[in-house]
>>> print(open('model05.tsv').read())   # TSV, C-alpha atoms
chain	number	residue	atom	x	y	z
H	1	MET	CA	0.00	0.00	0.00
H	2	PRO	CA	1.43	3.41	-0.94
H	3	LEU	CA	1.54	6.21	1.57
H	4	THR	CA	-1.11	8.90	1.32
H	5	VAL	CA	-0.72	12.64	1.68
H	6	ALA	CA	-2.27	12.27	5.14
H	7	ASP	CA	0.35	9.63	6.04
H	8	VAL	CA	3.21	11.90	5.00
H	9	VAL	CA	1.68	14.84	6.87
H	10	ALA	CA	1.40	12.70	10.02
H	11	VAL	CA	5.09	11.77	9.81
H	12	LEU	CA	6.15	15.38	9.29
H	13	GLU	CA	3.98	16.70	12.09
H	14	GLU	CA	5.31	14.08	14.48
H	15	HIS	CA	8.86	15.31	13.84
H	16	TYR	CA	8.02	18.99	13.36
H	17	PRO	CA	4.92	19.65	15.51
H	18	PRO	CA	2.90	22.63	14.21
H	19	ARG	CA	2.36	23.80	17.80
H	20	THR	CA	6.07	24.75	17.94
H	21	ALA	CA	5.71	27.17	15.01
H	22	GLN	CA	5.73	30.90	15.67
H	23	ASP	CA	2.34	32.58	16.01
H	24	TRP	CA	2.84	34.55	12.79
H	25	ASP	CA	3.79	31.52	10.73
H	26	ALA	CA	1.72	29.50	8.25
H	27	VAL	CA	2.72	25.85	8.32
H	28	GLY	CA	1.03	22.64	7.25
H	29	LEU	CA	-0.71	21.31	4.18
H	30	VAL	CA	-1.17	24.17	1.72
H	31	LEU	CA	-2.96	22.22	-0.99
H	32	GLY	CA	-3.66	18.61	-1.91
H	33	ASP	CA	-6.06	15.77	-1.18
H	34	PRO	CA	-5.16	13.98	2.10
H	35	ALA	CA	-6.40	10.70	0.61
H	36	ALA	CA	-4.20	10.94	-2.53
H	37	ALA	CA	-1.37	8.43	-2.89
H	38	VAL	CA	2.24	9.60	-2.54
H	39	THR	CA	5.08	7.69	-4.17
H	40	SER	CA	7.37	10.64	-4.99
H	41	VAL	CA	8.37	13.69	-2.93
H	42	VAL	CA	10.55	16.67	-3.88
H	43	LEU	CA	12.06	18.73	-1.05
H	44	ALA	CA	13.13	22.38	-1.49
H	45	VAL	CA	13.63	25.54	0.53
H	46	ASP	CA	11.27	27.77	-1.50
H	47	PRO	CA	8.08	27.07	-3.49
H	48	THR	CA	9.22	29.18	-6.44
H	49	GLU	CA	8.05	28.67	-10.01
H	50	GLU	CA	11.36	27.01	-10.88
H	51	VAL	CA	10.97	24.55	-8.01
H	52	VAL	CA	7.37	23.80	-9.00
H	53	THR	CA	8.60	23.11	-12.56
H	54	GLU	CA	11.20	20.70	-11.18
H	55	ALA	CA	8.68	18.92	-8.94
H	56	LEU	CA	6.21	18.43	-11.78
H	57	ALA	CA	8.94	17.31	-14.18
H	58	ARG	CA	9.91	14.62	-11.69
H	59	GLY	CA	6.31	13.48	-11.32
H	60	ALA	CA	6.18	14.40	-7.63
H	61	ASP	CA	2.98	13.72	-5.72
H	62	LEU	CA	4.05	16.09	-2.95
H	63	LEU	CA	6.36	19.09	-2.75
H	64	LEU	CA	7.75	19.69	0.73
H	65	THR	CA	9.17	23.19	1.21
H	66	HIS	CA	10.63	25.00	4.17
H	67	HIS	CA	9.09	28.36	3.35
H	68	PRO	CA	5.32	28.78	3.09
H	69	LEU	CA	3.79	29.84	-0.22
H	70	TYR	CA	1.43	32.33	1.44
H	71	LEU	CA	2.97	33.51	4.69
H	72	ARG	CA	0.43	36.28	5.25
H	73	GLY	CA	-2.59	34.73	3.58
H	74	THR	CA	-4.36	35.81	0.43
H	75	SER	CA	-7.83	36.51	-0.91
H	76	SER	CA	-7.05	35.13	-4.36
H	77	VAL	CA	-5.14	32.27	-5.96
H	78	ALA	CA	-5.75	33.47	-9.50
H	79	ALA	CA	-3.00	32.53	-11.94
H	80	THR	CA	-2.15	36.17	-12.47
H	81	ASP	CA	0.97	36.21	-10.31
H	82	PRO	CA	3.76	33.72	-9.58
H	83	LYS	CA	2.13	32.34	-6.43
H	84	GLY	CA	-1.24	31.92	-8.06
H	85	ARG	CA	0.39	30.17	-11.01
H	86	ALA	CA	2.20	27.85	-8.62
H	87	VAL	CA	-1.11	26.87	-7.04
H	88	HIS	CA	-2.74	26.18	-10.40
H	89	ARG	CA	0.19	24.20	-11.76
H	90	LEU	CA	0.48	22.06	-8.64
H	91	VAL	CA	-3.25	21.34	-8.51
H	92	THR	CA	-3.50	20.46	-12.19
H	93	GLY	CA	-0.32	18.40	-11.93
H	94	GLY	CA	-1.68	16.42	-8.98
H	95	CYS	CA	1.07	17.55	-6.62
H	96	ALA	CA	0.31	18.46	-3.02
H	97	LEU	CA	2.26	21.20	-1.21
H	98	TYR	CA	3.31	21.11	2.44
H	99	ALA	CA	5.34	23.72	4.38
H	100	ALA	CA	7.39	23.07	7.54
H	101	HIS	CA	8.84	26.45	8.54
H	102	THR	CA	9.51	27.70	12.08
H	103	ASN	CA	8.40	24.34	13.46
H	104	ALA	CA	11.25	22.78	11.44
H	105	ASP	CA	13.56	25.59	12.63
H	106	ALA	CA	12.83	24.77	16.28
H	107	ALA	CA	12.87	20.96	16.04
H	108	ALA	CA	15.49	18.95	17.89
H	109	ASP	CA	16.69	17.59	14.52
H	110	GLY	CA	15.62	20.59	12.49
H	111	VAL	CA	17.16	23.41	10.49
H	112	SER	CA	19.59	24.85	13.03
H	113	GLN	CA	20.65	21.44	14.33
H	114	ALA	CA	21.41	20.33	10.78
H	115	LEU	CA	23.60	23.43	10.40
H	116	ALA	CA	25.34	22.73	13.73
H	117	ASP	CA	25.99	19.10	12.77
H	118	LEU	CA	27.44	20.15	9.43
H	119	LEU	CA	30.07	22.15	11.34
H	120	GLY	CA	30.77	19.31	13.76
H	121	LEU	CA	29.51	21.15	16.83
H	122	THR	CA	29.17	19.11	20.02
H	123	ARG	CA	27.02	19.51	23.16
H	124	THR	CA	24.53	21.65	21.27
H	125	VAL	CA	21.54	23.26	22.98
H	126	PRO	CA	18.96	25.75	21.69
H	127	VAL	CA	19.93	29.42	21.78
H	128	GLU	CA	16.36	30.26	22.78
H	129	PRO	CA	14.77	27.11	24.20
H	130	LEU	CA	11.09	26.58	23.65
H	131	ASP	CA	9.79	25.78	27.12
H	132	ALA	CA	7.73	22.65	27.46
H	133	PRO	CA	4.02	23.37	28.00
H	134	ALA	CA	3.33	24.67	31.51
H	135	LEU	CA	1.90	21.88	33.66
H	136	ASP	CA	0.14	21.54	37.02
H	137	THR	CA	-0.30	18.49	39.25
H	138	LEU	CA	-3.74	18.02	40.82
H	139	THR	CA	-4.10	15.87	43.93
H	140	THR	CA	-7.52	15.07	45.35
H	141	PHE	CA	-9.15	12.48	47.63
H	142	VAL	CA	-12.20	10.56	46.46
H	143	PRO	CA	-14.49	7.94	48.06
H	144	ARG	CA	-13.34	4.67	46.54
H	145	ASP	CA	-16.58	3.88	44.75
H	146	SER	CA	-16.45	7.31	43.02
H	147	THR	CA	-12.80	7.24	41.88
H	148	ALA	CA	-13.45	6.02	38.34
H	149	GLY	CA	-16.18	8.58	37.70
H	150	VAL	CA	-14.11	11.51	38.99
H	151	LEU	CA	-11.09	10.33	37.01
H	152	ASP	CA	-13.17	10.17	33.81
H	153	ALA	CA	-14.54	13.67	34.40
H	154	LEU	CA	-11.06	15.13	34.99
H	155	ALA	CA	-9.72	13.39	31.86
H	156	ALA	CA	-12.61	14.78	29.79
H	157	ALA	CA	-11.68	18.28	31.02
H	158	GLY	CA	-8.06	17.89	29.85
H	159	ALA	CA	-6.17	16.27	32.74
H	160	GLY	CA	-4.06	13.15	32.37
H	161	ARG	CA	-2.82	13.67	28.82
H	162	LEU	CA	0.84	12.66	28.47
H	163	GLY	CA	2.23	12.40	24.94
H	164	ASP	CA	0.32	9.64	23.16
H	165	TYR	CA	-1.56	8.63	26.33
H	166	GLU	CA	-4.72	9.97	27.93
H	167	ARG	CA	-6.51	9.38	31.25
H	168	ALA	CA	-3.07	8.91	32.87
H	169	ALA	CA	-3.38	9.03	36.66
H	170	PHE	CA	-2.08	7.57	39.91
H	171	HIS	CA	-4.37	6.48	42.73
H	172	SER	CA	-3.62	4.75	46.00
H	173	PRO	CA	-5.94	3.64	48.82
H	174	GLY	CA	-6.18	5.27	52.22
H	175	THR	CA	-8.57	6.55	54.84
H	176	GLY	CA	-10.10	10.01	54.87
H	177	THR	CA	-11.40	11.49	58.11
H	178	PHE	CA	-13.50	14.60	58.85
H	179	ARG	CA	-16.21	16.00	61.14
H	180	PRO	CA	-19.04	17.95	59.42
H	181	LEU	CA	-19.87	21.23	61.19
H	182	PRO	CA	-23.31	22.81	61.62
H	183	GLY	CA	-24.48	24.18	58.26
H	184	ALA	CA	-22.76	21.43	56.25
H	185	HIS	CA	-24.67	19.02	54.03
H	186	PRO	CA	-22.34	16.00	54.00
H	187	ALA	CA	-22.67	13.36	51.31
H	188	VAL	CA	-21.29	10.89	53.86
H	189	GLY	CA	-21.82	10.95	57.62
H	190	GLN	CA	-23.62	13.18	60.09
H	191	VAL	CA	-23.06	16.73	61.35
H	192	GLY	CA	-20.93	16.68	64.50
H	193	THR	CA	-19.75	13.11	64.07
H	194	VAL	CA	-16.22	12.10	63.08
H	195	GLU	CA	-16.28	9.98	59.95
H	196	ASP	CA	-13.65	7.61	58.56
H	197	VAL	CA	-14.10	6.88	54.86
H	198	ALA	CA	-12.26	4.52	52.52
H	199	GLU	CA	-10.83	6.92	49.91
H	200	ASP	CA	-8.36	6.98	47.05
H	201	ARG	CA	-5.66	9.59	46.67
H	202	LEU	CA	-5.91	10.61	42.99
H	203	GLU	CA	-3.14	12.51	41.17
H	204	MET	CA	-3.20	13.78	37.58
H	205	VAL	CA	-1.06	16.12	35.47
H	206	LEU	CA	-2.81	18.83	33.46
H	207	PRO	CA	-1.86	21.66	31.10
H	208	ARG	CA	-1.97	24.92	33.03
H	209	GLU	CA	-4.25	26.40	30.41
H	210	ARG	CA	-6.84	23.75	31.41
H	211	ARG	CA	-6.65	24.56	35.13
H	212	ALA	CA	-10.05	26.30	35.43
H	213	ALA	CA	-11.84	23.63	33.38
H	214	VAL	CA	-10.33	20.76	35.38
H	215	LEU	CA	-11.17	22.33	38.75
H	216	ALA	CA	-14.74	22.95	37.58
H	217	ALA	CA	-14.98	19.29	36.52
H	218	LEU	CA	-13.64	18.19	39.90
H	219	ARG	CA	-16.30	20.13	41.79
H	220	GLN	CA	-19.01	18.88	39.44
H	221	ALA	CA	-18.06	15.20	39.57
H	222	HIS	CA	-16.87	14.82	43.17
H	223	PRO	CA	-19.55	13.56	45.54
H	224	TYR	CA	-18.33	15.70	48.44
H	225	GLU	CA	-19.67	19.17	49.13
H	226	GLU	CA	-16.07	20.41	49.66
H	227	PRO	CA	-13.64	18.15	47.80
H	228	ALA	CA	-10.19	18.36	49.35
H	229	HIS	CA	-7.54	18.99	46.73
H	230	SER	CA	-4.21	20.67	46.05
H	231	LEU	CA	-2.88	22.11	42.80
H	232	VAL	CA	0.88	22.46	42.38
H	233	ALA	CA	2.53	24.33	39.48
H	234	GLN	CA	5.39	22.30	38.05
H	235	ALA	CA	8.70	24.05	37.43
H	236	PRO	CA	9.27	24.83	33.73
H	237	VAL	CA	11.64	22.42	32.00
H	238	PRO	CA	13.46	23.69	28.91
H	239	ALA	CA	12.82	21.47	25.93
H	240	ASP	CA	15.37	20.35	23.35
H	241	THR	CA	13.46	22.42	20.82
H	242	GLY	CA	13.94	26.11	20.21
H	243	THR	CA	15.50	28.75	18.01
H	244	GLY	CA	19.14	28.42	16.95
H	245	ARG	CA	21.82	26.18	18.42
H	246	ILE	CA	25.02	26.81	20.36
H	247	GLY	CA	27.82	24.30	20.83
H	248	ARG	CA	31.54	23.72	20.69
H	249	LEU	CA	33.95	22.99	17.87
H	250	PRO	CA	36.07	19.86	18.43
H	251	GLU	CA	39.14	22.11	18.40
H	252	ALA	CA	39.69	25.84	18.51
H	253	MET	CA	40.51	27.54	15.21
H	254	THR	CA	40.92	31.04	13.88
H	255	LEU	CA	37.93	32.99	12.68
H	256	ARG	CA	39.42	32.83	9.18
H	257	ALA	CA	39.65	29.02	9.33
H	258	PHE	CA	36.10	28.79	10.67
H	259	ALA	CA	34.77	30.96	7.83
H	260	GLU	CA	36.63	28.75	5.34
H	261	LEU	CA	34.99	25.70	6.97
H	262	VAL	CA	31.56	27.30	6.54
H	263	ALA	CA	32.33	28.06	2.90
H	264	ARG	CA	33.32	24.42	2.31
H	265	VAL	CA	30.34	22.71	3.93
H	266	LEU	CA	27.50	24.99	2.79
H	267	PRO	CA	26.19	24.82	-0.77
H	268	PRO	CA	27.76	27.58	-2.92
H	269	THR	CA	25.84	30.74	-3.73
H	270	ALA	CA	26.57	33.96	-5.61
H	271	GLN	CA	27.02	35.94	-2.39
H	272	GLY	CA	29.34	33.45	-0.76
H	273	ILE	CA	30.27	33.97	2.89
H	274	ARG	CA	30.73	37.34	4.61
H	275	VAL	CA	32.81	37.64	7.77
H	276	GLY	CA	33.03	40.33	10.43
H	277	GLY	CA	35.67	40.36	13.16
H	278	ASP	CA	39.35	39.66	13.82
H	279	LEU	CA	40.27	36.95	11.29
H	280	ASP	CA	43.25	35.82	13.38
H	281	ALA	CA	41.30	35.52	16.64
H	282	GLU	CA	40.66	32.03	18.03
H	283	VAL	CA	37.08	30.74	18.22
H	284	ARG	CA	35.62	27.60	19.83
H	285	THR	CA	32.05	28.26	21.03
H	286	VAL	CA	29.78	28.66	18.01
H	287	ALA	CA	26.16	29.78	17.73
H	288	VAL	CA	24.16	29.13	14.57
H	289	CYS	CA	20.71	30.03	13.30
H	290	GLY	CA	19.44	28.96	9.90
H	291	GLY	CA	17.74	31.81	8.07
H	292	SER	CA	17.47	35.40	9.28
H	293	GLY	CA	19.00	35.53	12.74
H	294	ASP	CA	19.92	39.09	13.71
H	295	SER	CA	17.18	39.05	16.38
H	296	LEU	CA	19.42	36.69	18.37
H	297	LEU	CA	22.53	38.89	18.42
H	298	GLY	CA	22.09	39.91	22.06
H	299	ARG	CA	21.21	36.40	23.15
H	300	VAL	CA	24.23	34.69	21.57
H	301	ARG	CA	26.51	37.31	23.17
H	302	SER	CA	25.00	36.61	26.58
H	303	LEU	CA	25.65	32.89	26.09
H	304	GLY	CA	29.35	33.49	25.46
H	305	ALA	CA	29.58	32.56	21.80
H	306	ASP	CA	32.86	33.33	20.06
H	307	VAL	CA	31.29	33.43	16.61
H	308	TYR	CA	27.73	33.47	15.26
H	309	LEU	CA	26.75	31.98	11.90
H	310	THR	CA	23.43	33.05	10.43
H	311	ALA	CA	22.01	34.80	7.35
H	312	ASP	CA	20.56	38.12	6.19
H	313	LEU	CA	22.54	40.25	8.65
H	314	ARG	CA	21.66	43.90	8.18
H	315	HIS	CA	24.18	46.76	8.15
H	316	HIS	CA	23.27	48.62	11.33
H	317	PRO	CA	22.59	45.69	13.66
H	318	ALA	CA	25.79	43.95	12.50
H	319	SER	CA	27.91	47.10	12.75
H	320	GLU	CA	26.63	48.00	16.20
H	321	HIS	CA	27.05	44.44	17.42
H	322	LEU	CA	30.67	44.12	16.22
H	323	ALA	CA	31.54	47.37	17.94
H	324	GLY	CA	30.89	45.53	21.20
H	325	GLY	CA	33.29	42.68	20.41
H	326	ARG	CA	32.46	38.99	20.35
H	327	PRO	CA	30.80	37.02	19.00
H	328	PHE	CA	32.26	37.62	15.56
H	329	LEU	CA	29.84	37.29	12.67
H	330	VAL	CA	29.69	34.95	9.71
H	331	ASP	CA	26.88	35.67	7.26
H	332	ALA	CA	25.69	33.10	4.72
H	333	THR	CA	22.69	33.39	2.43
H	334	HIS	CA	19.23	32.50	3.64
H	335	TRP	CA	18.87	29.57	1.23
H	336	ALA	CA	22.32	28.11	1.92
H	337	SER	CA	21.91	28.22	5.71
H	338	GLU	CA	18.59	26.33	5.56
H	339	TRP	CA	19.30	23.86	2.74
H	340	PRO	CA	21.19	21.33	4.96
H	341	TRP	CA	17.89	20.47	6.65
H	342	LEU	CA	16.40	19.07	3.44
H	343	PRO	CA	18.46	15.82	3.30
H	344	ARG	CA	17.63	15.29	6.98
H	345	ALA	CA	13.90	15.69	6.35
H	346	ALA	CA	14.22	13.32	3.40
H	347	GLU	CA	15.73	10.68	5.71
H	348	VAL	CA	12.79	11.10	8.10
H	349	LEU	CA	10.39	10.31	5.25
H	350	ARG	CA	12.56	7.49	3.92
H	351	ALA	CA	12.64	5.77	7.33
H	352	ALA	CA	8.86	6.11	7.69
H	353	ALA	CA	8.27	4.61	4.25
H	354	LEU	CA	10.62	1.68	4.93
H	355	ALA	CA	8.89	0.99	8.26
H	356	ARG	CA	5.58	0.66	6.43
H	357	GLY	CA	6.93	-1.25	3.47
H	358	ALA	CA	5.95	1.56	1.11
H	359	ARG	CA	7.84	2.84	-1.92
H	360	LEU	CA	8.79	6.49	-1.74
H	361	ASP	CA	11.12	8.23	-4.19
H	362	LEU	CA	12.75	11.27	-2.60
H	363	HIS	CA	14.60	14.07	-4.36
H	364	VAL	CA	16.29	17.01	-2.63
H	365	SER	CA	16.30	19.99	-4.96
H	366	THR	CA	19.61	21.79	-5.43
H	367	LEU	CA	18.09	24.75	-7.24
H	368	VAL	CA	19.52	27.89	-5.64
H	369	THR	CA	16.50	30.04	-4.84
H	370	ASP	CA	18.36	32.99	-3.34
H	371	PRO	CA	17.31	36.11	-5.28
H	372	TRP	CA	20.90	37.06	-6.20
H	373	ALA	CA	22.28	35.60	-9.44
H	374	VAL	CA	25.85	36.88	-9.50
H	375	HIS	CA	28.44	38.52	-7.26
H	376	LEU	CA	30.89	40.93	-8.89
H	377	PRO	CA	33.93	41.52	-6.64
H	378	GLN	CA	35.18	45.12	-6.76
H	379	THR	CA	38.90	45.84	-6.97
H	380	PRO	CA	40.69	49.11	-6.14
H	381	SER	CA	42.36	49.40	-9.56
H	382	GLY	CA	40.48	51.84	-11.74
H	383	ALA	CA	37.85	52.47	-9.12
H	384	ALA	CA	36.89	56.01	-8.27
H	385	SER	CA	37.80	57.18	-4.80
H	386	PRO	CA	34.86	58.05	-2.54
H	387	HIS	CA	36.45	61.50	-2.21
H	388	GLU	CA	37.25	62.01	-5.90
H	389	GLY	CA	36.07	65.40	-7.07
H	390	ALA	CA	35.54	66.72	-3.55
H	391	SER	CA	36.77	70.22	-2.96
H	392	SER	CA	39.57	70.71	-0.49
>>> encode(input="model05.tsv", output="structure tokens")
Amino acid sequence: MPLTVADVVAVLEEHYPPRTAQDWDAVGLVLGDPAAAVTSVVLAVDPTEEVVTEALARGADLLLTHHPLYLRGTSSVAATDPKGRAVHRLVTGGCALYAAHTNADAAADGVSQALADLLGLTRTVPVEPLDAPALDTLTTFVPRDSTAGVLDALAAAGAGRLGDYERAAFHSPGTGTFRPLPGAHPAVGQVGTVEDVAEDRLEMVLPRERRAAVLAALRQAHPYEEPAHSLVAQAPVPADTGTGRIGRLPEAMTLRAFAELVARVLPPTAQGIRVGGDLDAEVRTVAVCGGSGDSLLGRVRSLGADVYLTADLRHHPASEHLAGGRPFLVDATHWASEWPWLPRAAEVLRAAALARGARLDLHVSTLVTDPWAVHLPQTPSGAASPHEGASS
């Protein structure tokens, strides 16, 4: 049985969960029938017209790109502009389109980790970790014959969900004791009389955002007028997902040697590699961020990076940053810094297909989709001086 679009989407979203994407992003299935068969996938950074042509020429059933086709949405997909034409050509060619963007950036084996691995960095951690969802632990005490009903009600309200499991809980037997006071309406016992009741201690984990709903369910389902309970906020635990990566080179090297390493391992582009800093200075701790990363300049400095590799560095942020010293800067192109993730994503799909005994042809596009076509180095000979013609 061949994989379907829905099968491929499930594999991708297991490795690159959409919930880890930035709020402004647009990830997921852009177009295509979830029930359609998939035997061929093309992977690329950008869904440009040239990439669409390549995917269709290869008979792809699905085009997986890093960048979304419509990042900010649209009110029209008419074939009157490049994006509209891409939609029409993919639909008529029977090729689905899926985008994994900032969720692939943040993934433990995503874009920035692929870049870090290419450089041989060790002991890598996210530059900006994405905290695991905030959790609470609810503890309550329930008459034994009501435990199952209360547990079901709490699970229905959102408690007890752990990964691929639901209704996860711990309960242990014990004895509850209390004396109802005047004005109480006890479900068990009499006012003024000490009661001992066979109870279960019930504990469940819940997302903090479900706190109000779970407590309401507890009060609704619990047989007692005043159900005893405690709610403890768990300490946040940084996840292995997040923006960028920082790690260590196996051996220290000069900034010049590091830049030459970057130039060797990244796919070539017209721009090449730009470097800012003391070329003879030694570097060991390296921060990387695939794609545009100047928003992390302050963060990588605070983490003690010697050098920061990213893309799309702008004049003023880069200039002001370098005036403050390390980390030095190495600037690649956007496409080149994100391309190394594509072979890794292809391996994810290949492993999933093999596990299911399905045939899946995978092709990683090498089309350079940076906007710049050529780089013309300028030499001093014959060039006009910036001050030529200025009056003294």
>>> closest_residue(input="model05.tsv", among="H:Pro227, H:Gly73, H:Pro180, H:Gly120", to="H:Leu249", atoms="only C-alpha atoms")
H:Gly120
>>> atom_distance(input="model05.tsv", atom1="atom CA of H:Asp25", atom2="atom CA of H:Asp370")
20.3 Å
>>> closest_residue(input="model05.tsv", among="H:Ala318, H:Ala36, H:Val188, H:Ala212", to="H:Met1", atoms="only C-alpha atoms")
H:Ala36
>>> residues_around(input="model05.tsv", residues="stretch 45-52 of chain H", least_positions_apart="2", cutoff="8 Å", atoms="all atoms listed in the file", output="ChimeraX atom specification")
/H:43,54-56,63,65-69,82-83,85-86,89-90,335,338-339,342,365,367,369
>>> residues_around(input="model05.tsv", residues="H:Leu206", least_positions_apart="6", cutoff="7 Å", atoms="all atoms listed in the file", output="list in words")
Leu135, Asp136, Thr137, Gly158, Ala159, Gly160 and Arg161 of chain H
>>> residues_around(input="model05.tsv", residues="H:Ile273", least_positions_apart="3", cutoff="10 Å", atoms="only C-alpha atoms", output="mmCIF file with C-alpha atoms, keeping the file's coordinate frame")
data_model
loop_
_atom_site.group_PDB
_atom_site.id
_atom_site.type_symbol
_atom_site.label_atom_id
_atom_site.label_comp_id
_atom_site.auth_asym_id
_atom_site.auth_seq_id
_atom_site.Cartn_x
_atom_site.Cartn_y
_atom_site.Cartn_z
ATOM 1 C CA ALA H 259 34.770 30.960 7.830
ATOM 2 C CA GLU H 260 36.630 28.750 5.340
ATOM 3 C CA VAL H 262 31.560 27.300 6.540
ATOM 4 C CA ALA H 263 32.330 28.060 2.900
ATOM 5 C CA LEU H 266 27.500 24.990 2.790
ATOM 6 C CA PRO H 268 27.760 27.580 -2.920
ATOM 7 C CA THR H 269 25.840 30.740 -3.730
ATOM 8 C CA ALA H 270 26.570 33.960 -5.610
ATOM 9 C CA LEU H 309 26.750 31.980 11.900
ATOM 10 C CA ALA H 311 22.010 34.800 7.350
ATOM 11 C CA VAL H 330 29.690 34.950 9.710
ATOM 12 C CA ASP H 331 26.880 35.670 7.260
ATOM 13 C CA ALA H 332 25.690 33.100 4.720
ATOM 14 C CA THR H 333 22.690 33.390 2.430
ATOM 15 C CA ALA H 336 22.320 28.110 1.920
#
